[in-house]
file structure.txt (compact mmCIF, C-alpha atoms)
# COMPACT_ATOMS: atom_id res chain seq x y z
CA MET I 1 0.00 0.00 0.00
CA ALA I 2 1.06 3.59 0.49
CA THR I 3 4.72 3.77 1.37
CA GLU I 4 5.25 7.51 0.87
CA PRO I 5 5.40 9.48 4.09
CA LEU I 6 2.16 11.02 5.28
CA ASP I 7 1.61 14.11 7.34
CA MET I 8 2.88 13.73 10.86
CA GLU I 9 -0.55 14.41 12.29
CA VAL I 10 -1.83 11.21 10.66
CA ALA I 11 1.00 9.12 12.05
CA GLY I 12 0.06 8.22 15.56
CA THR I 13 -0.23 5.11 17.64
CA CYS I 14 -1.81 3.19 14.77
CA VAL I 15 0.03 4.26 11.63
CA SER I 16 3.76 4.75 11.25
CA GLU I 17 5.22 7.86 9.64
CA PHE I 18 5.53 5.87 6.39
CA GLY I 19 1.83 5.06 6.30
CA GLY I 20 2.25 1.43 7.35
CA ALA I 21 0.18 -0.21 10.02
CA ILE I 22 1.58 -0.57 13.51
CA GLY I 23 0.31 -3.85 14.90
CA MET I 24 -3.29 -4.71 14.10
CA PRO I 25 -5.27 -1.77 12.76
CA GLN I 26 -8.35 -3.55 14.10
CA LEU I 27 -7.23 -2.78 17.64
CA CYS I 28 -6.61 0.90 17.02
CA GLY I 29 -8.92 2.73 19.40
CA GLU I 30 -8.66 6.00 17.48
CA TRP I 31 -10.85 4.61 14.72
CA PHE I 32 -13.53 2.89 16.79
CA GLY I 33 -15.79 5.94 17.06
CA ASN I 34 -15.72 6.55 13.34
CA GLN I 35 -16.46 2.94 12.45
CA ILE I 36 -19.19 2.55 15.02
CA PHE I 37 -20.88 5.79 13.98
CA TRP I 38 -20.91 4.91 10.30
CA LEU I 39 -21.88 1.29 11.03
CA VAL I 40 -24.93 2.47 12.92
CA VAL I 41 -25.78 4.83 10.06
CA ALA I 42 -25.40 2.00 7.53
CA LEU I 43 -27.44 -0.47 9.57
CA VAL I 44 -30.24 2.03 10.17
CA ALA I 45 -30.26 2.87 6.45
CA ILE I 46 -30.46 -0.81 5.50
CA TYR I 47 -33.13 -1.41 8.13
CA PHE I 48 -35.34 1.34 6.74
CA ILE I 49 -34.75 0.28 3.15
CA LEU I 50 -35.71 -3.26 4.04
CA SER I 51 -38.62 -2.70 6.41
CA ARG I 52 -40.22 0.17 4.48
CA ILE I 53 -39.72 -0.88 0.86
CA ALA I 54 -37.96 -4.12 0.07
CA LEU I 55 -39.40 -6.71 2.44
CA PRO I 56 -43.10 -5.78 2.10
CA ARG I 57 -42.65 -5.65 -1.66
CA ILE I 58 -40.91 -9.02 -1.93
CA GLY I 59 -43.38 -10.52 0.51
CA SER I 60 -46.32 -9.30 -1.56
CA VAL I 61 -44.71 -10.51 -4.78
CA LEU I 62 -44.20 -13.96 -3.27
CA ALA I 63 -47.76 -14.03 -1.94
CA GLU I 64 -49.09 -12.88 -5.29
CA ARG I 65 -47.12 -15.56 -7.06
CA GLN I 66 -48.46 -18.18 -4.64
CA GLY I 67 -51.98 -16.90 -5.32
CA THR I 68 -51.43 -16.97 -9.05
CA ILE I 69 -50.12 -20.52 -8.89
CA THR I 70 -53.08 -21.65 -6.75
CA ASN I 71 -55.54 -19.94 -9.12
CA ASP I 72 -53.86 -21.41 -12.15
CA ILE I 73 -54.00 -24.89 -10.67
CA ALA I 74 -57.70 -24.43 -9.88
CA ALA I 75 -58.30 -23.13 -13.40
CA ALA I 76 -56.43 -26.12 -14.79
CA GLU I 77 -58.65 -28.45 -12.75
CA ASP I 78 -61.72 -26.67 -14.15
CA LEU I 79 -60.45 -26.98 -17.68
CA LYS I 80 -59.69 -30.63 -17.12
CA VAL I 81 -63.26 -31.27 -15.97
CA LYS I 82 -64.52 -29.32 -18.99
CA ALA I 83 -62.31 -31.37 -21.28
CA THR I 84 -63.69 -34.58 -19.80
CA GLU I 85 -67.23 -33.30 -20.29
CA ALA I 86 -66.47 -32.28 -23.84
CA GLU I 87 -65.02 -35.71 -24.51
CA ALA I 88 -68.18 -37.38 -23.16
CA ALA I 89 -70.35 -35.09 -25.28
CA TYR I 90 -68.23 -35.88 -28.32
CA ASP I 91 -68.50 -39.61 -27.66
CA LYS I 92 -72.27 -39.28 -27.30
CA ALA I 93 -72.51 -37.28 -30.51
CA LEU I 94 -70.43 -39.88 -32.25
CA ILE I 95 -72.66 -42.73 -31.06
CA ASP I 96 -75.78 -40.76 -32.08
CA ALA I 97 -74.30 -40.08 -35.47
CA ARG I 98 -73.48 -43.75 -35.93
CA ALA I 99 -77.06 -44.75 -35.03
CA GLU I 100 -78.43 -42.11 -37.40
CA ALA I 101 -76.17 -43.33 -40.14
CA GLN I 102 -77.29 -46.88 -39.50
CA ARG I 103 -80.88 -45.80 -39.68
CA ILE I 104 -80.35 -43.89 -42.92
CA ILE I 105 -78.53 -46.82 -44.43
CA SER I 106 -81.30 -49.28 -43.59
CA ALA I 107 -83.95 -46.87 -44.90
CA ALA I 108 -82.01 -46.44 -48.10
CA LYS I 109 -81.63 -50.18 -48.36
CA ALA I 110 -85.37 -50.70 -47.94
CA ASP I 111 -86.13 -48.04 -50.57
CA ILE I 112 -83.69 -49.58 -52.96
CA GLN I 113 -85.15 -53.02 -52.29
CA ALA I 114 -88.66 -51.78 -53.04
CA ASP I 115 -87.52 -50.09 -56.25
CA LEU I 116 -85.64 -53.20 -57.16
CA ASP I 117 -88.63 -55.45 -56.56
CA LYS I 118 -90.81 -53.21 -58.64
CA ALA I 119 -88.25 -53.12 -61.42
CA ILE I 120 -87.93 -56.92 -61.31
CA VAL I 121 -91.70 -57.37 -61.58
CA THR I 122 -91.83 -54.98 -64.54
CA ALA I 123 -88.88 -56.67 -66.11
CA ASP I 124 -90.43 -60.10 -65.57
CA ALA I 125 -93.64 -58.94 -67.21
CA GLU I 126 -91.70 -57.48 -70.11
CA ILE I 127 -89.68 -60.62 -70.42
CA ALA I 128 -92.84 -62.74 -70.42
CA ALA I 129 -94.37 -60.54 -73.09
CA LYS I 130 -91.22 -60.67 -75.18
CA ALA I 131 -91.06 -64.45 -74.73
CA ALA I 132 -94.64 -64.88 -75.85
CA GLU I 133 -94.04 -62.68 -78.85
CA SER I 134 -90.92 -64.57 -79.69
CA GLU I 135 -92.68 -67.87 -79.38
CA LYS I 136 -95.34 -66.70 -81.77
CA ALA I 137 -92.71 -65.49 -84.19
CA ILE I 138 -90.91 -68.80 -83.92
CA SER I 139 -94.08 -70.80 -84.53
CA GLU I 140 -94.83 -68.63 -87.53
CA ILE I 141 -91.36 -69.14 -88.81
CA ARG I 142 -91.68 -72.82 -88.17
CA ALA I 143 -94.99 -72.95 -90.07
CA GLY I 144 -93.42 -70.98 -92.86
CA ALA I 145 -90.50 -73.32 -92.87
CA MET I 146 -92.76 -76.43 -93.12
CA GLN I 147 -94.52 -74.95 -96.07
CA ASN I 148 -91.28 -74.13 -97.74
CA VAL I 149 -90.02 -77.62 -97.11
CA GLU I 150 -93.21 -79.01 -98.67
CA GLU I 151 -92.80 -76.85 -101.74
CA VAL I 152 -89.16 -77.68 -102.07
CA ALA I 153 -89.97 -81.37 -101.64
CA LYS I 154 -92.66 -81.19 -104.31
CA ASP I 155 -90.37 -79.35 -106.71
CA THR I 156 -87.58 -81.71 -105.99
CA ALA I 157 -89.73 -84.78 -106.37
CA GLN I 158 -91.08 -83.45 -109.64
CA ALA I 159 -87.55 -82.68 -110.83
CA ILE I 160 -86.34 -86.15 -109.82
CA VAL I 161 -89.25 -87.84 -111.56
CA ALA I 162 -88.55 -85.75 -114.66
CA ALA I 163 -84.91 -86.58 -114.44
CA LEU I 164 -85.71 -90.30 -114.24
CA GLY I 165 -87.45 -89.96 -117.46
CA GLY I 166 -90.88 -90.17 -116.14
CA SER I 167 -93.51 -87.62 -116.51
CA ALA I 168 -95.57 -86.73 -113.63
CA ASP I 169 -98.14 -84.14 -113.38
CA ALA I 170 -97.84 -81.73 -110.53
CA LYS I 171 -100.99 -82.86 -108.87
CA THR I 172 -99.90 -86.42 -108.40
CA VAL I 173 -96.49 -85.50 -107.16
CA SER I 174 -97.77 -83.03 -104.60
CA ALA I 175 -100.36 -85.52 -103.41
CA ALA I 176 -97.65 -88.14 -103.01
CA VAL I 177 -95.37 -85.74 -101.17
CA GLU I 178 -98.13 -84.58 -98.86
CA ALA I 179 -98.95 -88.22 -98.13
CA ARG I 180 -95.35 -88.95 -97.31
CA MET I 181 -94.90 -85.94 -95.14
CA LYS I 182 -97.93 -86.69 -93.10
CA GLY I 183 -96.94 -90.27 -92.77
CA MET A 1 5.99 -3.57 10.94
CA ALA A 2 8.26 -1.03 12.57
CA ALA A 3 8.82 2.27 10.82
CA GLU A 4 12.48 1.63 10.00
CA ALA A 5 11.66 -1.77 8.48
CA HIS A 6 9.62 -0.10 5.78
CA GLY A 7 12.60 1.91 4.63
CA GLU A 8 15.04 -1.00 4.61
CA GLU A 9 12.77 -3.40 2.73
CA ALA A 10 12.10 -1.01 -0.13
CA GLY A 11 14.28 -2.95 -2.61
CA GLY A 12 13.39 -6.55 -1.78
CA LEU A 13 10.36 -8.36 -0.44
CA VAL A 14 7.72 -6.05 0.93
CA PHE A 15 5.08 -7.42 3.25
CA HIS A 16 2.43 -5.10 4.51
CA PRO A 17 -0.45 -7.51 5.01
CA MET A 18 -2.12 -5.35 7.64
CA ASP A 19 -1.97 -2.06 5.76
CA GLN A 20 -5.21 -2.89 3.96
CA PHE A 21 -7.07 -2.61 7.25
CA ILE A 22 -5.99 0.96 7.93
CA VAL A 23 -8.86 3.39 8.26
CA LYS A 24 -8.08 6.68 6.55
CA PRO A 25 -10.05 9.71 5.41
CA PHE A 26 -11.50 9.19 1.97
CA PHE A 27 -11.16 12.83 0.96
CA GLY A 28 -7.66 14.18 1.53
CA ASP A 29 -5.50 13.54 4.58
CA GLY A 30 -6.00 14.42 8.15
CA ALA A 31 -7.15 13.05 11.44
CA VAL A 32 -9.95 10.52 11.68
CA SER A 33 -12.69 11.84 13.92
CA TRP A 34 -16.01 10.11 14.49
CA TYR A 35 -17.83 11.85 11.63
CA THR A 36 -14.99 11.80 9.05
CA ILE A 37 -15.91 10.10 5.78
CA THR A 38 -13.34 7.32 5.67
CA ASN A 39 -12.70 4.34 3.44
CA ALA A 40 -14.76 2.35 5.97
CA THR A 41 -17.66 4.78 5.44
CA VAL A 42 -17.40 4.47 1.68
CA TRP A 43 -17.44 0.68 1.66
CA MET A 44 -20.31 0.54 4.13
CA ALA A 45 -22.18 2.98 1.88
CA LEU A 46 -21.47 0.73 -1.10
CA ALA A 47 -22.91 -2.19 0.86
CA VAL A 48 -26.04 -0.14 1.54
CA LEU A 49 -26.27 0.74 -2.15
CA ALA A 50 -25.81 -2.89 -3.12
CA VAL A 51 -28.62 -3.91 -0.77
CA PHE A 52 -30.77 -1.17 -2.27
CA ALA A 53 -29.92 -2.24 -5.81
CA LEU A 54 -30.67 -5.90 -5.20
CA LEU A 55 -33.74 -5.72 -3.03
CA VAL A 56 -35.37 -2.48 -4.22
CA LEU A 57 -34.27 -1.82 -7.79
CA GLY A 58 -34.09 -5.52 -8.58
CA THR A 59 -37.69 -6.07 -7.49
CA SER A 60 -39.09 -2.79 -8.85
CA LYS A 61 -41.05 -4.55 -11.59
CA ARG A 62 -42.79 -6.83 -9.06
CA SER A 63 -43.12 -9.39 -11.85
CA VAL A 64 -44.85 -12.66 -11.10
CA VAL A 65 -42.28 -14.35 -13.33
CA PRO A 66 -39.11 -12.85 -11.84
CA THR A 67 -36.12 -11.39 -13.66
CA ARG A 68 -32.68 -12.65 -12.67
CA MET A 69 -32.08 -9.84 -10.17
CA GLN A 70 -35.50 -10.22 -8.61
CA SER A 71 -34.96 -13.95 -8.42
CA VAL A 72 -31.77 -13.47 -6.39
CA GLY A 73 -33.49 -10.95 -4.13
CA GLU A 74 -36.36 -13.36 -3.52
CA LEU A 75 -33.86 -16.12 -2.88
CA ALA A 76 -32.16 -14.02 -0.17
CA TYR A 77 -35.53 -13.14 1.33
CA GLY A 78 -36.72 -16.74 1.33
CA PHE A 79 -33.40 -18.01 2.69
CA ILE A 80 -33.41 -15.76 5.76
CA TYR A 81 -37.18 -15.88 6.26
CA LYS A 82 -37.12 -19.66 6.34
CA MET A 83 -34.13 -19.65 8.68
CA VAL A 84 -35.90 -17.33 11.15
CA GLU A 85 -39.13 -19.31 10.91
CA ASP A 86 -37.45 -22.70 11.31
CA ILE A 87 -35.28 -21.71 14.26
CA CYS A 88 -37.34 -19.11 16.15
CA GLY A 89 -40.78 -20.36 15.26
CA LYS A 90 -43.77 -18.34 14.09
CA ASP A 91 -43.41 -15.72 16.84
CA GLY A 92 -39.86 -14.98 15.72
CA VAL A 93 -40.97 -13.86 12.27
CA LYS A 94 -41.61 -10.28 13.45
CA TYR A 95 -37.87 -9.91 14.12
CA PHE A 96 -37.11 -11.00 10.56
CA PRO A 97 -36.34 -7.43 9.29
CA TYR A 98 -33.62 -7.00 11.93
CA ILE A 99 -32.00 -10.31 11.10
CA MET A 100 -32.30 -9.62 7.37
CA THR A 101 -30.59 -6.25 7.95
CA LEU A 102 -27.64 -7.91 9.67
CA PHE A 103 -27.35 -10.62 7.02
CA MET A 104 -27.54 -8.27 4.04
CA PHE A 105 -25.00 -5.88 5.55
CA ILE A 106 -22.52 -8.62 6.41
CA VAL A 107 -22.86 -10.53 3.17
CA PHE A 108 -22.40 -7.43 1.02
CA SER A 109 -19.55 -6.06 3.14
CA ASN A 110 -17.80 -9.41 2.88
CA PHE A 111 -18.24 -9.74 -0.87
CA LEU A 112 -17.46 -6.10 -1.71
CA GLY A 113 -14.34 -6.50 0.44
CA LEU A 114 -13.15 -9.17 -1.99
CA LEU A 115 -12.79 -6.64 -4.79
CA PRO A 116 -9.14 -5.68 -5.34
CA MET A 117 -8.13 -2.57 -3.35
CA ALA A 118 -11.35 -2.78 -1.36
CA PHE A 119 -11.78 -2.22 2.36
CA THR A 120 -13.73 -4.77 4.37
CA PRO A 121 -15.73 -3.21 7.21
CA THR A 122 -16.54 -6.63 8.66
CA SER A 123 -12.84 -7.40 9.13
CA HIS A 124 -12.82 -4.86 11.96
CA ILE A 125 -13.66 -6.01 15.45
CA ALA A 126 -15.24 -2.61 16.19
CA VAL A 127 -17.86 -3.28 13.54
CA THR A 128 -18.59 -6.91 14.34
CA ALA A 129 -18.54 -6.27 18.10
CA VAL A 130 -21.17 -3.55 17.77
CA MET A 131 -23.41 -5.94 15.88
CA ALA A 132 -22.73 -8.83 18.24
CA PHE A 133 -23.39 -6.71 21.34
CA ALA A 134 -26.49 -5.26 19.77
CA VAL A 135 -27.72 -8.81 19.29
CA PHE A 136 -26.63 -9.79 22.80
CA PHE A 137 -28.30 -6.87 24.57
CA GLY A 138 -31.32 -6.92 22.33
CA VAL A 139 -31.89 -10.62 22.91
CA THR A 140 -31.28 -10.41 26.65
CA ILE A 141 -33.66 -7.48 27.13
CA LEU A 142 -36.23 -9.16 24.90
CA GLY A 143 -35.91 -12.36 26.93
CA PHE A 144 -36.67 -10.56 30.19
CA VAL A 145 -39.48 -8.50 28.66
CA LYS A 146 -41.14 -11.54 27.13
CA ASN A 147 -40.61 -14.05 29.93
CA GLY A 148 -39.92 -11.97 33.03
CA ALA A 149 -37.83 -13.75 35.64
CA SER A 150 -38.55 -17.11 34.09
CA PHE A 151 -36.03 -16.16 31.38
CA LEU A 152 -33.44 -17.24 33.94
CA SER A 153 -34.65 -20.83 33.57
CA LEU A 154 -32.46 -20.76 30.45
CA PHE A 155 -29.55 -21.32 32.83
CA TRP A 156 -31.31 -23.90 35.00
CA VAL A 157 -31.17 -27.15 33.06
CA SER A 158 -34.21 -28.93 34.48
CA SER A 159 -33.55 -32.11 32.51
CA ALA A 160 -30.22 -32.67 34.32
CA PRO A 161 -29.89 -34.38 37.73
CA LEU A 162 -30.46 -31.93 40.56
CA ALA A 163 -26.88 -32.19 41.86
CA LEU A 164 -25.45 -31.17 38.49
CA ARG A 165 -27.74 -28.22 37.93
CA PRO A 166 -25.75 -25.55 39.84
CA ILE A 167 -22.58 -26.53 37.96
CA LEU A 168 -24.41 -26.52 34.64
CA ALA A 169 -25.94 -23.17 35.54
CA LEU A 170 -22.48 -21.71 36.06
CA ILE A 171 -21.29 -23.11 32.72
CA GLU A 172 -24.43 -21.88 30.98
CA ILE A 173 -23.97 -18.38 32.40
CA ILE A 174 -20.33 -18.21 31.33
CA SER A 175 -21.17 -19.46 27.87
CA TYR A 176 -24.01 -16.94 27.66
CA PHE A 177 -21.68 -14.03 28.36
CA VAL A 178 -19.01 -15.34 26.01
CA ARG A 179 -21.52 -15.37 23.16
CA PRO A 180 -21.00 -11.78 21.95
CA VAL A 181 -17.23 -12.22 22.06
CA SER A 182 -17.16 -15.38 19.99
CA HIS A 183 -19.92 -14.04 17.80
CA SER A 184 -17.91 -10.94 16.85
CA ILE A 185 -14.38 -12.37 16.78
CA ARG A 186 -15.45 -15.28 14.57
CA LEU A 187 -16.56 -12.97 11.79
CA ALA A 188 -13.82 -10.36 12.08
CA GLY A 189 -11.11 -12.99 12.50
CA ASN A 190 -12.20 -14.96 9.45
CA MET A 191 -12.39 -11.90 7.25
CA MET A 192 -9.08 -10.48 8.46
CA ALA A 193 -7.17 -13.74 8.20
CA GLY A 194 -8.23 -14.44 4.64
CA HIS A 195 -7.39 -10.96 3.41
CA ALA A 196 -4.05 -10.95 5.21
CA VAL A 197 -3.09 -14.33 3.74
CA ILE A 198 -3.91 -13.17 0.23
CA LYS A 199 -1.76 -10.11 0.82
CA VAL A 200 1.16 -12.23 2.03
CA PHE A 201 0.98 -14.42 -1.07
CA ALA A 202 0.81 -11.26 -3.16
CA GLY A 203 4.03 -10.08 -1.46
CA PHE A 204 5.78 -13.28 -2.56
CA ALA A 205 4.83 -12.57 -6.18
CA ALA A 206 7.71 -10.07 -6.28
CA ILE A 207 10.13 -13.01 -6.55
CA ALA A 208 9.98 -14.26 -10.17
CA ALA A 209 10.68 -17.91 -9.28
CA ILE A 210 7.85 -18.06 -6.77
CA ALA A 211 5.42 -15.83 -8.65
CA PRO A 212 3.50 -18.61 -10.49
CA PHE A 213 2.96 -20.50 -7.26
CA SER A 214 2.00 -17.26 -5.59
CA ILE A 215 -0.59 -16.46 -8.23
CA VAL A 216 -2.09 -19.95 -8.01
CA ALA A 217 -2.18 -19.64 -4.24
CA ILE A 218 -3.90 -16.25 -4.42
CA THR A 219 -6.47 -17.69 -6.79
CA ALA A 220 -7.12 -20.64 -4.51
CA MET A 221 -7.34 -18.41 -1.44
CA TYR A 222 -9.69 -16.11 -3.28
CA GLY A 223 -12.00 -19.02 -4.03
CA LEU A 224 -11.86 -20.06 -0.40
CA GLU A 225 -12.57 -16.49 0.67
CA ILE A 226 -15.70 -16.37 -1.47
CA LEU A 227 -16.90 -19.43 0.39
CA VAL A 228 -15.88 -17.97 3.76
CA SER A 229 -17.57 -14.65 2.99
CA PHE A 230 -20.90 -16.34 2.55
CA ILE A 231 -20.48 -18.91 5.29
CA GLN A 232 -19.51 -16.32 7.91
CA ALA A 233 -22.50 -14.16 7.05
CA TYR A 234 -24.65 -17.28 7.30
CA VAL A 235 -23.09 -18.33 10.61
CA PHE A 236 -23.51 -14.86 12.12
CA THR A 237 -27.16 -14.83 11.06
CA ILE A 238 -28.00 -18.33 12.19
CA LEU A 239 -26.38 -17.73 15.60
CA THR A 240 -28.45 -14.57 15.93
CA CYS A 241 -31.52 -16.69 15.26
CA VAL A 242 -30.45 -19.25 17.85
CA TYR A 243 -29.93 -16.53 20.47
CA LEU A 244 -33.29 -15.06 19.59
CA LYS A 245 -34.88 -18.46 20.00
CA ASP A 246 -33.40 -18.68 23.51
CA ALA A 247 -34.99 -15.34 24.35
CA LEU A 248 -38.40 -16.34 23.00
CA HIS A 249 -38.42 -19.89 24.34
CA PRO A 250 -35.95 -20.07 27.25
CA HIS A 251 -37.23 -23.36 28.62
CA HIS A 252 -35.15 -26.33 27.62
call {"tool": "encode", "arguments": {"input": "structure.txt", "output": "C-alpha cells"}}
result
Amino acid sequence: MATEPLDMEVAGTCVSEFGGAIGMPQLCGEWFGNQIFWLVVALVAIYFILSRIALPRIGSVLAERQGTITNDIAAAEDLKVKATEAEAAYDKALIDARAEAQRIISAAKADIQADLDKAIVTADAEIAAKAAESEKAISEIRAGAMQNVEEVAKDTAQAIVAALGGSADAKTVSAAVEARMKG
Amino acid sequence: MAAEAHGEEAGGLVFHPMDQFIVKPFFGDGAVSWYTITNATVWMALAVLAVFALLVLGTSKRSVVPTRMQSVGELAYGFIYKMVEDICGKDGVKYFPYIMTLFMFIVFSNFLGLLPMAFTPTSHIAVTAVMAFAVFFGVTILGFVKNGASFLSLFWVSSAPLALRPILALIEIISYFVRPVSHSIRLAGNMMAGHAVIKVFAGFAAIAAIAPFSIVAITAMYGLEILVSFIQAYVFTILTCVYLKDALHPHH
C-alpha cells in the first residue's frame, strides 16, 4: 500500500510515519468511534430500506405468485373437468351419429329393395311378353318353314321324276309328297 | 511492521499484510474523527447501495415471473425468512427485518471487500462487536421483557440431575456471556485472516521464481474467501436466530 510518508498528524499510535500499520489496525482505538458511527448509520439505512420498501414488496410478490399458482391450478382443474365433459359429449354425438347413419342406411336399403322389386316385376312382365311374342314369331317361322319344305320337296320330287325320265303331273307329285310328309 | 523496516525493505520483499485494514479519510488527509468520511464509510455505503440495488431496484417490476435480479433478491428473502421461521418459530418472524438487515449488511460487506483494493468493514472487530453486542443486549432485554424472571430458567437445566444443575448453571452463564465475544471475533477474524493471507501471497509474487505459485495460491485463497464470505454471514445470522430463540423460548 502507500509507502510515501504522510503528514505527521496522521501518524500516531496506529500508523507509522511511512503510512504502514503498527500492529493490528483492528485494535486501534482512534478509529472505533468513526467505524461505530458509520456502522450504525449504515445499519439504520439498510433497516429502513428493508422494512419500508424491500421486504413488504418481496413478501407481496411472493404471496401474489403463490396466489397466481393456486388460481392457475384451480383453473387447470376446471379446464380438465370441462375437457372430460367435452369428450363425453363428443362420444355421445359420435354414437348418435353412428345410429343415425345406420338408420339412414337401412332406410335407403329398404327403398332400394322396393324399387328393385318393382323393377324386377316390370322386367319379368316385359320378359314374359317378349317371350310370348318370340314364341309366336318362332311358330310362324316354323310354319313358314314347313310350307317351304313341302314346296321344295314337291319341286324336288317333280324334278327327280322328270330326271328319271318319267312324266308326272304336278298334282300327283304333290299328293304323293303330302302323303309322305304326313306319314 | 516497525517504521524503519519499511525503509530497509524497499528494494526486496515487501510485506504489509495489515496495511489494507488501515482506516483513513476518503477525501484528503488528516485526522480521523467520528464523523470523518473514511474508506470504511465508503465501503459501508457501497454495501447499503448494493442492498438497495438488489432488493429495491431488482424487485421494482414486481413481476410474477421474476427477472434474474428479482430472483436473487427473492432467494435471499426466502433463505433468511425460512431460517428465522425454522429456528425461532412463528413468533420470531416479526424480528425478521432486523436479522435480514444484519445478514444483508454482512454478506455485502464481505463480498465487496473481496474486490481488489477494497476495504472490508466486517474485518474490523469494532464493527462486528457492535453488531454482536447489539444482538446480545437486544436478545437479553427481549428475553426478560417476554418471559420476566422465568427467562433465567435458560440457565437452569431442568432435565439434568439436581446435583449437576448448579454446575451446569455456572457453565451456561459463562457461555451466555461469552456469546458476543465469539460471535464478533469469529466474523472479524475470518475476514481479516483471509485478506491478510492473500496479501502475504501477493508479497511473494515479487520473486519471479515463486510468482507462479504465488498467483495460483492467491487464486485458490480467493476461491476459499468467497466461500468464507458467505459462510460467515450465514453463521452470524444463524447464531443470531439461535440466540433469539433462547430469548423467546428459554425453557429447555
call {"tool": "atom_distance", "arguments": {"input": "structure.txt", "atom1": "CA of Asp246 in chain A", "atom2": "CA of Phe230 in chain A"}}
result
24.5 Å
call {"tool": "interface_residues", "arguments": {"input": "structure.txt", "of": "chain I", "to": "chain A", "cutoff": "7 Å", "atoms": "all atoms listed in the file", "output": "PyMOL selection string"}}
result
chain I and resi 1+9-10+16-18+20-26+31-39+42-43+46-47+49-51+53-54+58+61+65
call {"tool": "atom_distance", "arguments": {"input": "structure.txt", "atom1": "CA of Ser214 in chain A", "atom2": "CA of Leu114 in chain A"}}
result
17.5 Å
call {"tool": "residues_around", "arguments": {"input": "structure.txt", "residues": "Val181 in chain A", "least_positions_apart": "3", "cutoff": "8 Å", "atoms": "all atoms listed in the file", "output": "list in words"}}
result
Ala129, Ala132, Phe177, Val178, Ser184 and Ile185 of chain A
call {"tool": "atom_distance", "arguments": {"input": "structure.txt", "atom1": "CA of Ala206 in chain A", "atom2": "CA of Ala193 in chain A"}}
result
21.1 Å
call {"tool": "decode", "arguments": {"input": "structure.txt", "residues": "range 64-107 of chain I", "atoms": "C-alpha atoms", "output": "PDB file, in the first residue's frame"}}
result
ATOM      1  CA  GLU I  64     -49.089 -12.875  -5.287  1.00  0.00           C
ATOM      2  CA  ARG I  65     -47.123 -15.565  -7.062  1.00  0.00           C
ATOM      3  CA  GLN I  66     -48.460 -18.182  -4.642  1.00  0.00           C
ATOM      4  CA  GLY I  67     -51.981 -16.905  -5.317  1.00  0.00           C
ATOM      5  CA  THR I  68     -51.430 -16.974  -9.052  1.00  0.00           C
ATOM      6  CA  ILE I  69     -50.124 -20.517  -8.892  1.00  0.00           C
ATOM      7  CA  THR I  70     -53.076 -21.652  -6.754  1.00  0.00           C
ATOM      8  CA  ASN I  71     -55.535 -19.938  -9.115  1.00  0.00           C
ATOM      9  CA  ASP I  72     -53.860 -21.408 -12.153  1.00  0.00           C
ATOM     10  CA  ILE I  73     -54.001 -24.893 -10.675  1.00  0.00           C
ATOM     11  CA  ALA I  74     -57.704 -24.435  -9.878  1.00  0.00           C
ATOM     12  CA  ALA I  75     -58.301 -23.130 -13.395  1.00  0.00           C
ATOM     13  CA  ALA I  76     -56.428 -26.117 -14.788  1.00  0.00           C
ATOM     14  CA  GLU I  77     -58.647 -28.451 -12.755  1.00  0.00           C
ATOM     15  CA  ASP I  78     -61.724 -26.668 -14.149  1.00  0.00           C
ATOM     16  CA  LEU I  79     -60.451 -26.977 -17.682  1.00  0.00           C
ATOM     17  CA  LYS I  80     -59.689 -30.627 -17.124  1.00  0.00           C
ATOM     18  CA  VAL I  81     -63.255 -31.266 -15.971  1.00  0.00           C
ATOM     19  CA  LYS I  82     -64.517 -29.323 -18.988  1.00  0.00           C
ATOM     20  CA  ALA I  83     -62.309 -31.368 -21.281  1.00  0.00           C
ATOM     21  CA  THR I  84     -63.691 -34.579 -19.800  1.00  0.00           C
ATOM     22  CA  GLU I  85     -67.229 -33.299 -20.290  1.00  0.00           C
ATOM     23  CA  ALA I  86     -66.470 -32.283 -23.837  1.00  0.00           C
ATOM     24  CA  GLU I  87     -65.022 -35.706 -24.507  1.00  0.00           C
ATOM     25  CA  ALA I  88     -68.178 -37.381 -23.159  1.00  0.00           C
ATOM     26  CA  ALA I  89     -70.354 -35.090 -25.281  1.00  0.00           C
ATOM     27  CA  TYR I  90     -68.228 -35.881 -28.316  1.00  0.00           C
ATOM     28  CA  ASP I  91     -68.500 -39.615 -27.664  1.00  0.00           C
ATOM     29  CA  LYS I  92     -72.265 -39.279 -27.301  1.00  0.00           C
ATOM     30  CA  ALA I  93     -72.513 -37.284 -30.509  1.00  0.00           C
ATOM     31  CA  LEU I  94     -70.432 -39.885 -32.252  1.00  0.00           C
ATOM     32  CA  ILE I  95     -72.664 -42.731 -31.061  1.00  0.00           C
ATOM     33  CA  ASP I  96     -75.783 -40.762 -32.085  1.00  0.00           C
ATOM     34  CA  ALA I  97     -74.305 -40.077 -35.472  1.00  0.00           C
ATOM     35  CA  ARG I  98     -73.484 -43.749 -35.933  1.00  0.00           C
ATOM     36  CA  ALA I  99     -77.060 -44.751 -35.032  1.00  0.00           C
ATOM     37  CA  GLU I 100     -78.434 -42.115 -37.401  1.00  0.00           C
ATOM     38  CA  ALA I 101     -76.172 -43.332 -40.139  1.00  0.00           C
ATOM     39  CA  GLN I 102     -77.292 -46.884 -39.505  1.00  0.00           C
ATOM     40  CA  ARG I 103     -80.880 -45.797 -39.677  1.00  0.00           C
ATOM     41  CA  ILE I 104     -80.355 -43.891 -42.923  1.00  0.00           C
ATOM     42  CA  ILE I 105     -78.525 -46.823 -44.429  1.00  0.00           C
ATOM     43  CA  SER I 106     -81.304 -49.280 -43.590  1.00  0.00           C
ATOM     44  CA  ALA I 107     -83.955 -46.872 -44.899  1.00  0.00           C
TER      45      ALA I 107
END
